[in-house]
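So this one's query-v9.txt, compact mmCIF, C-alpha atoms:
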```txt
# COMPACT_ATOMS: atom_id res chain seq x y z
CA LYS B 29 26.78 31.00 68.76
CA GLN B 30 27.97 34.32 70.13
CA GLU B 31 27.44 37.28 67.84
CA VAL B 32 28.86 40.72 68.54
CA THR B 33 27.53 43.85 66.86
CA GLN B 34 28.86 47.38 66.94
CA ILE B 35 26.76 50.34 65.97
CA PRO B 36 27.40 52.73 64.35
CA ALA B 37 29.93 51.36 61.87
CA ALA B 38 31.38 54.83 61.42
CA LEU B 39 31.24 58.06 63.38
CA SER B 40 32.52 61.56 62.68
CA VAL B 41 32.58 64.23 65.38
CA PRO B 42 34.19 67.62 65.90
CA GLU B 43 37.06 67.84 68.31
CA GLY B 44 35.98 68.23 71.92
CA GLU B 45 32.75 66.32 71.59
CA ASN B 46 32.19 63.19 73.67
CA LEU B 47 32.18 59.86 71.85
CA VAL B 48 29.71 57.07 72.59
CA LEU B 49 30.42 53.68 71.03
CA ASN B 50 28.05 50.76 71.39
CA CYS B 51 28.65 47.03 71.50
CA SER B 52 25.98 44.35 71.83
CA PHE B 53 26.32 40.59 72.20
CA THR B 54 23.79 37.78 71.98
CA ASP B 55 25.05 35.36 74.65
CA SER B 56 25.10 36.91 78.12
CA ALA B 57 27.24 34.09 79.59
CA ILE B 58 30.39 36.08 79.08
CA TYR B 59 33.60 35.86 81.06
CA ASN B 60 34.75 39.35 80.15
CA LEU B 61 34.59 42.03 77.49
CA GLN B 62 37.55 43.93 76.08
CA TRP B 63 37.73 47.16 74.10
CA PHE B 64 40.54 47.65 71.60
CA ARG B 65 41.77 50.42 69.37
CA GLN B 66 43.16 49.72 65.91
CA ASP B 67 44.95 52.30 63.82
CA PRO B 68 44.93 51.81 60.02
CA GLY B 69 47.06 48.86 58.97
CA LYS B 70 48.19 48.23 62.53
CA GLY B 71 47.62 45.74 65.31
CA LEU B 72 45.28 46.12 68.25
CA THR B 73 45.89 48.12 71.42
CA SER B 74 43.97 47.03 74.50
CA LEU B 75 42.04 49.90 76.06
CA LEU B 76 39.87 48.44 78.79
CA LEU B 77 38.88 45.04 80.12
CA ILE B 78 35.62 44.55 82.02
CA GLN B 79 35.05 41.35 83.93
CA SER B 80 31.55 39.87 83.87
CA SER B 81 31.07 40.82 87.53
CA GLN B 82 31.91 44.48 86.91
CA ARG B 83 29.64 47.30 85.76
CA GLU B 84 32.29 49.68 84.48
CA GLN B 85 35.98 50.40 84.05
CA THR B 86 37.71 53.73 83.68
CA SER B 87 41.06 54.80 82.33
CA GLY B 88 41.75 58.48 81.85
CA ARG B 89 39.23 59.88 79.36
CA LEU B 90 37.85 56.40 78.67
CA ASN B 91 34.96 54.79 80.49
CA ALA B 92 33.40 51.48 79.56
CA SER B 93 30.16 50.15 81.00
CA LEU B 94 28.77 46.64 80.92
CA ASP B 95 25.17 45.49 81.23
CA LYS B 96 25.46 41.74 80.94
CA SER B 97 21.75 41.01 81.28
CA SER B 98 20.87 43.17 78.29
CA GLY B 99 23.98 42.13 76.35
CA ARG B 100 25.43 45.61 75.99
CA SER B 101 28.61 47.54 76.57
CA THR B 102 29.29 51.20 75.89
CA LEU B 103 32.63 52.93 75.51
CA TYR B 104 32.66 56.63 76.33
CA ILE B 105 35.54 58.83 75.28
CA ALA B 106 35.40 62.27 76.84
CA ALA B 107 36.54 65.44 75.11
CA SER B 108 37.61 63.76 71.90
CA GLN B 109 40.85 64.70 70.16
CA PRO B 110 42.03 64.16 66.58
CA GLY B 111 44.42 61.54 67.95
CA ASP B 112 41.41 59.46 68.98
CA SER B 113 40.66 58.81 65.32
CA ALA B 114 40.88 55.05 64.86
CA THR B 115 38.71 51.95 64.67
CA TYR B 116 37.40 50.74 68.01
CA LEU B 117 36.65 47.06 68.45
CA CYS B 118 34.90 45.25 71.24
CA ALA B 119 35.54 41.58 71.88
CA VAL B 120 33.73 39.14 74.11
CA ARG B 121 35.17 36.11 75.82
CA LEU B 122 32.60 33.45 76.68
CA ALA B 123 32.92 31.68 80.00
CA ALA B 124 32.84 28.31 78.27
CA ALA B 125 35.06 29.16 75.31
CA GLY B 126 38.50 29.27 76.87
CA ASN B 127 40.47 32.29 75.76
CA LYS B 128 38.70 32.68 72.42
CA LEU B 129 37.58 36.22 71.67
CA THR B 130 34.61 37.00 69.44
CA PHE B 131 34.96 40.41 67.85
CA GLY B 132 32.45 42.96 66.70
CA GLY B 133 32.80 44.62 63.33
CA GLY B 134 34.24 47.79 64.83
CA THR B 135 33.33 51.47 64.79
CA ARG B 136 35.51 53.70 62.65
CA VAL B 137 35.89 57.07 64.38
CA LEU B 138 37.03 60.33 62.85
CA VAL B 139 37.59 63.33 65.11
CA LYS B 140 37.79 66.51 63.06
CA PRO B 141 39.97 69.37 64.29
CA SER C 23 51.52 43.23 79.80
CA ALA C 24 53.29 41.63 76.86
CA VAL C 25 55.34 42.96 73.97
CA ILE C 26 54.80 41.02 70.79
CA SER C 27 56.71 41.26 67.53
CA GLN C 28 55.83 39.74 64.19
CA LYS C 29 57.85 39.09 61.06
CA PRO C 30 57.42 39.99 58.31
CA SER C 31 55.36 43.14 58.81
CA ARG C 32 54.08 42.84 55.25
CA ASP C 33 54.62 40.79 52.15
CA ILE C 34 53.37 40.45 48.61
CA CYS C 35 53.27 36.85 47.39
CA GLN C 36 52.34 34.94 44.28
CA ARG C 37 49.44 32.53 44.31
CA GLY C 38 50.38 28.94 44.98
CA THR C 39 53.30 29.82 47.23
CA SER C 40 53.51 29.66 51.04
CA LEU C 41 54.48 32.24 53.65
CA THR C 42 55.57 31.64 57.22
CA ILE C 43 54.81 34.33 59.76
CA GLN C 44 56.76 34.50 63.00
CA CYS C 45 55.51 35.71 66.36
CA GLN C 46 57.84 36.45 69.28
CA VAL C 47 56.72 37.37 72.81
CA ASP C 48 58.87 38.99 75.49
CA SER C 49 57.62 36.62 78.20
CA GLN C 50 56.66 32.97 78.50
CA VAL C 51 53.02 32.26 77.78
CA THR C 52 51.06 29.05 77.73
CA MET C 53 48.77 29.83 74.83
CA MET C 54 49.27 31.86 71.69
CA PHE C 55 46.47 32.74 69.31
CA TRP C 56 46.43 33.41 65.59
CA TYR C 57 43.77 35.68 64.10
CA ARG C 58 42.94 36.73 60.58
CA GLN C 59 41.48 40.08 59.57
CA GLN C 60 40.25 40.14 56.01
CA PRO C 61 39.95 43.52 54.25
CA GLY C 62 37.21 45.60 55.81
CA GLN C 63 36.32 42.82 58.25
CA SER C 64 36.80 42.18 61.91
CA LEU C 65 39.09 39.58 63.44
CA THR C 66 38.47 35.85 63.28
CA LEU C 67 40.34 33.30 65.37
CA ILE C 68 42.24 30.78 63.25
CA ALA C 69 43.74 28.56 65.94
CA THR C 70 45.11 28.34 69.45
CA ALA C 71 48.70 27.12 69.85
CA ASN C 72 49.87 25.43 73.03
CA GLN C 73 53.50 24.60 73.54
CA GLY C 74 54.16 20.90 73.22
CA SER C 75 50.86 19.96 71.62
CA GLU C 76 49.07 20.32 68.32
CA ALA C 77 47.22 23.54 67.65
CA THR C 78 43.46 23.65 68.01
CA TYR C 79 41.75 25.00 64.89
CA GLU C 80 38.47 26.87 64.69
CA SER C 81 35.70 25.84 62.37
CA GLY C 82 36.59 26.66 58.79
CA PHE C 83 40.35 26.49 59.30
CA VAL C 84 42.45 23.36 58.72
CA ILE C 85 45.98 22.35 59.55
CA ASP C 86 46.94 21.64 55.96
CA LYS C 87 46.19 25.22 54.99
CA PHE C 88 47.46 26.92 58.17
CA PRO C 89 50.13 24.76 59.83
CA ILE C 90 51.31 26.15 63.13
CA SER C 91 54.43 25.49 65.13
CA ARG C 92 55.00 26.25 68.81
CA PRO C 93 58.52 25.16 69.66
CA ASN C 94 58.77 27.02 72.97
CA LEU C 95 56.87 29.30 75.33
CA THR C 96 57.84 32.57 73.60
CA PHE C 97 57.60 31.77 69.89
CA SER C 98 55.16 30.52 67.29
CA THR C 99 54.86 30.43 63.52
CA LEU C 100 51.84 30.37 61.24
CA THR C 101 52.24 29.23 57.64
CA VAL C 102 49.73 30.20 55.00
CA SER C 103 50.02 27.44 52.42
CA ASN C 104 49.19 27.31 48.72
CA MET C 105 48.03 30.90 48.82
CA SER C 106 45.24 32.41 46.77
CA PRO C 107 44.09 36.05 46.57
CA GLU C 108 41.40 35.21 49.13
CA ASP C 109 44.18 34.77 51.70
CA SER C 110 45.04 38.47 51.45
CA SER C 111 44.54 39.63 55.03
CA ILE C 112 46.25 40.93 58.11
CA TYR C 113 47.40 38.04 60.30
CA LEU C 114 47.81 38.78 63.99
CA CYS C 115 49.10 36.77 66.88
CA SER C 116 47.99 37.41 70.43
CA VAL C 117 48.67 36.19 73.94
CA ALA C 118 47.02 36.30 77.34
CA PRO C 119 49.87 36.30 79.86
CA GLY C 120 49.39 34.28 83.01
CA GLY C 121 47.76 36.17 85.83
CA THR C 122 45.86 38.51 83.54
CA ASP C 123 42.73 38.14 81.42
CA THR C 124 43.80 40.86 79.02
CA GLN C 125 44.76 39.74 75.55
CA TYR C 126 47.61 41.51 73.81
CA PHE C 127 48.13 41.63 70.08
CA GLY C 128 51.13 41.85 67.84
CA PRO C 129 51.40 44.53 65.14
CA GLY C 130 50.16 42.15 62.46
CA THR C 131 51.46 40.88 59.13
CA ARG C 132 49.80 42.36 56.10
CA LEU C 133 49.70 39.77 53.34
CA THR C 134 48.78 40.48 49.73
CA VAL C 135 48.45 37.56 47.32
CA LEU C 136 48.54 38.32 43.61
```
As C-alpha cells, what does this structure read like?
Amino acid sequence: KQEVTQIPAALSVPEGENLVLNCSFTDSAIYNLQWFRQDPGKGLTSLLLIQSSQREQTSGRLNASLDKSSGRSTLYIAASQPGDSATYLCAVRLAAAGNKLTFGGGTRVLVKP
Amino acid sequence: SAVISQKPSRDICQRGTSLTIQCQVDSQVTMMFWYRQQPGQSLTLIATANQGSEATYESGFVIDKFPISRPNLTFSTLTVSNMSPEDSSIYLCSVAPGGTDTQYFGPGTRLTVL
C-alpha cells in the first residue's frame, strides 16, 4: 500500500527566504507526482506535475525535483512571499492504480512579512 | 485545464439527513473523482465515477452511504446519506481531462453535521 509522508508538518519563515518542502513515498512504481496548494477552507490548485521519467519541473519561482528510486520529491519555492502562505500537498499516482491519487498530510507554510 | 464548480459551497445539516453535492465541469471528461478531507487531515478518495456505469468505491466507502450519479460527461453528484457528525468534512470533486495527467479540483463543499 502506497504511503505518502510530508515533513515538516508546519513551517514558518521570514519573507524572502527560500522554502524547501519534502515529500516521501513508499512505493517507487509511480506514474507521476503532483504538488498542490490549498488555501484555508478552499479547494486545491495544481502547482506542478512530474512524470516518473522526469527529474524536475519548474514554473516561475517553483521547482520540484523527483528521485523515484529513493522515493522522494522536493518542492522549492524561491524568495518566499506572504502570499505563499498556504498548505502544500503532494500526491502520488501509482502506475497500476488508474487515476487514483494518494495524498500526503501536507505542509502548512507561513511566510511572515 | 478544467474549471470545476461545486454546489453548495457549504452547508450545516442535522444528523440523520442527507445532502447532495453537485459538481459541474466546463469540458467533457471520462472520469470524475470524489474526495473527502476530514478536519485537519489530507484527502482520501471516496469513489471514481464513469459516465454510463456504476461508480467504483474505495475501501471503506459504500454506495449506500455515498451514492453517486454521473448522468453525462460534465456533471456528477455525490450524496452523503444518513449523516452523522463524523461526516463533517470538505468534499471535493476532481477531474483529469483527456490528454493531460494533471488532476484539477473543484473548490470543495464544506459540510458540518450537528
Counting only C-alpha atoms, give me one row per residue of chain B with an atom at most 12 Å from an atom of chain C, showing the shortest contact pair and its distance in Å to one decimal, sorted by chain then residue number, as JSON lines.
```
{"residue": "B:Val32", "atom": "CA", "partner": "C:Ser64", "partner_atom": "CA", "distance": 10.4}
{"residue": "B:Thr33", "atom": "CA", "partner": "C:Ser64", "partner_atom": "CA", "distance": 10.6}
{"residue": "B:Gln34", "atom": "CA", "partner": "C:Ser64", "partner_atom": "CA", "distance": 10.7}
{"residue": "B:Ala37", "atom": "CA", "partner": "C:Gly62", "partner_atom": "CA", "distance": 11.1}
{"residue": "B:Tyr59", "atom": "CA", "partner": "C:Asp123", "partner_atom": "CA", "distance": 9.4}
{"residue": "B:Asn60", "atom": "CA", "partner": "C:Asp123", "partner_atom": "CA", "distance": 8.2}
{"residue": "B:Leu61", "atom": "CA", "partner": "C:Thr124", "partner_atom": "CA", "distance": 9.4}
{"residue": "B:Gln62", "atom": "CA", "partner": "C:Thr124", "partner_atom": "CA", "distance": 7.6}
{"residue": "B:Trp63", "atom": "CA", "partner": "C:Thr124", "partner_atom": "CA", "distance": 10.0}
{"residue": "B:Phe64", "atom": "CA", "partner": "C:Tyr126", "partner_atom": "CA", "distance": 9.6}
{"residue": "B:Arg65", "atom": "CA", "partner": "C:Phe127", "partner_atom": "CA", "distance": 10.9}
{"residue": "B:Gln66", "atom": "CA", "partner": "C:Pro129", "partner_atom": "CA", "distance": 9.8}
{"residue": "B:Asp67", "atom": "CA", "partner": "C:Pro129", "partner_atom": "CA", "distance": 10.2}
{"residue": "B:Pro68", "atom": "CA", "partner": "C:Gly62", "partner_atom": "CA", "distance": 10.8}
{"residue": "B:Gly69", "atom": "CA", "partner": "C:Arg132", "partner_atom": "CA", "distance": 7.6}
{"residue": "B:Lys70", "atom": "CA", "partner": "C:Pro129", "partner_atom": "CA", "distance": 5.6}
{"residue": "B:Gly71", "atom": "CA", "partner": "C:Pro129", "partner_atom": "CA", "distance": 4.0}
{"residue": "B:Leu72", "atom": "CA", "partner": "C:Phe127", "partner_atom": "CA", "distance": 5.6}
{"residue": "B:Thr73", "atom": "CA", "partner": "C:Phe127", "partner_atom": "CA", "distance": 7.0}
{"residue": "B:Ser74", "atom": "CA", "partner": "C:Tyr126", "partner_atom": "CA", "distance": 6.6}
{"residue": "B:Leu75", "atom": "CA", "partner": "C:Thr124", "partner_atom": "CA", "distance": 9.7}
{"residue": "B:Leu76", "atom": "CA", "partner": "C:Thr124", "partner_atom": "CA", "distance": 8.5}
{"residue": "B:Leu77", "atom": "CA", "partner": "C:Thr124", "partner_atom": "CA", "distance": 6.5}
{"residue": "B:Ile78", "atom": "CA", "partner": "C:Thr124", "partner_atom": "CA", "distance": 9.5}
{"residue": "B:Gln79", "atom": "CA", "partner": "C:Asp123", "partner_atom": "CA", "distance": 8.7}
{"residue": "B:Ser80", "atom": "CA", "partner": "C:Asp123", "partner_atom": "CA", "distance": 11.6}
{"residue": "B:Thr115", "atom": "CA", "partner": "C:Ser64", "partner_atom": "CA", "distance": 10.3}
{"residue": "B:Tyr116", "atom": "CA", "partner": "C:Ser64", "partner_atom": "CA", "distance": 10.5}
{"residue": "B:Leu117", "atom": "CA", "partner": "C:Ser64", "partner_atom": "CA", "distance": 8.2}
{"residue": "B:Cys118", "atom": "CA", "partner": "C:Ser64", "partner_atom": "CA", "distance": 10.0}
{"residue": "B:Ala119", "atom": "CA", "partner": "C:Leu65", "partner_atom": "CA", "distance": 9.4}
{"residue": "B:Val120", "atom": "CA", "partner": "C:Gln125", "partner_atom": "CA", "distance": 11.1}
{"residue": "B:Arg121", "atom": "CA", "partner": "C:Asp123", "partner_atom": "CA", "distance": 9.6}
{"residue": "B:Ala123", "atom": "CA", "partner": "C:Asp123", "partner_atom": "CA", "distance": 11.8}
{"residue": "B:Ala125", "atom": "CA", "partner": "C:Glu80", "partner_atom": "CA", "distance": 11.4}
{"residue": "B:Gly126", "atom": "CA", "partner": "C:Thr70", "partner_atom": "CA", "distance": 10.0}
{"residue": "B:Asn127", "atom": "CA", "partner": "C:Ala118", "partner_atom": "CA", "distance": 7.8}
{"residue": "B:Lys128", "atom": "CA", "partner": "C:Leu67", "partner_atom": "CA", "distance": 7.3}
{"residue": "B:Leu129", "atom": "CA", "partner": "C:Leu67", "partner_atom": "CA", "distance": 7.5}
{"residue": "B:Thr130", "atom": "CA", "partner": "C:Thr66", "partner_atom": "CA", "distance": 7.4}
{"residue": "B:Phe131", "atom": "CA", "partner": "C:Leu65", "partner_atom": "CA", "distance": 6.1}
{"residue": "B:Gly132", "atom": "CA", "partner": "C:Ser64", "partner_atom": "CA", "distance": 6.5}
{"residue": "B:Gly133", "atom": "CA", "partner": "C:Ser64", "partner_atom": "CA", "distance": 4.9}
{"residue": "B:Gly134", "atom": "CA", "partner": "C:Ser64", "partner_atom": "CA", "distance": 6.8}
{"residue": "B:Thr135", "atom": "CA", "partner": "C:Ser64", "partner_atom": "CA", "distance": 10.3}
{"residue": "B:Arg136", "atom": "CA", "partner": "C:Gly62", "partner_atom": "CA", "distance": 10.7}
```
Exercise: range 109-111 of chain C partners within 7 Å, all atoms listed in the file, chain neighbours under 4 positions left out, as a tab-separated table (two decimals) with C-alpha atoms, keeping the file's coordinate frame:
```tsv
chain	number	residue	atom	x	y	z
C	58	ARG	CA	42.94	36.73	60.58
C	59	GLN	CA	41.48	40.08	59.57
C	60	GLN	CA	40.25	40.14	56.01
C	61	PRO	CA	39.95	43.52	54.25
C	105	MET	CA	48.03	30.90	48.82
C	132	ARG	CA	49.80	42.36	56.10
C	133	LEU	CA	49.70	39.77	53.34
C	134	THR	CA	48.78	40.48	49.73
C	135	VAL	CA	48.45	37.56	47.32
```
Distance in Å - CA of Val102 in chain C versus CA of Lys29 in chain C: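 Between CA of Val102 in chain C and CA of Lys29 in chain C the gap is 13.5 Å.
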Nearby residues (only C-alpha atoms) at most 9 Å from Arg83 in chain B, same-chain spacing under 5 positions excluded, as a PyMOL selection string: chain B and resi 78+92-96
I need the residues from that last selection saved to file as a JSON list (two decimals), in the frame of the given file (with C-alpha atoms), if you can.
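Now in selection_6.json:
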```
[["chain", "number", "residue", "atom", "x", "y", "z"],
["B", 78, "ILE", "CA", 35.62, 44.55, 82.02],
["B", 92, "ALA", "CA", 33.40, 51.48, 79.56],
["B", 93, "SER", "CA", 30.16, 50.15, 81.00],
["B", 94, "LEU", "CA", 28.77, 46.64, 80.92],
["B", 95, "ASP", "CA", 25.17, 45.49, 81.23],
["B", 96, "LYS", "CA", 25.46, 41.74, 80.94]]
```
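Taking CA of Gly74 in chain C and CA of Pro30 in chain C as endpoints, the distance between them is 24.4 Å.
As for CA of Ser52 in chain B and CA of Ala107 in chain B, they are spaced 23.8 Å apart.
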Polymer residues at most 7 Å from (57.6, 36.2, 72.9) by all atoms listed in the file, as a list of chain:residue names: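 Residues close enough to count: C:Ile26, C:Cys45, C:Gln46, C:Val47, C:Asp48, C:Ser49, C:Gln50, C:Thr96, C:Phe97.
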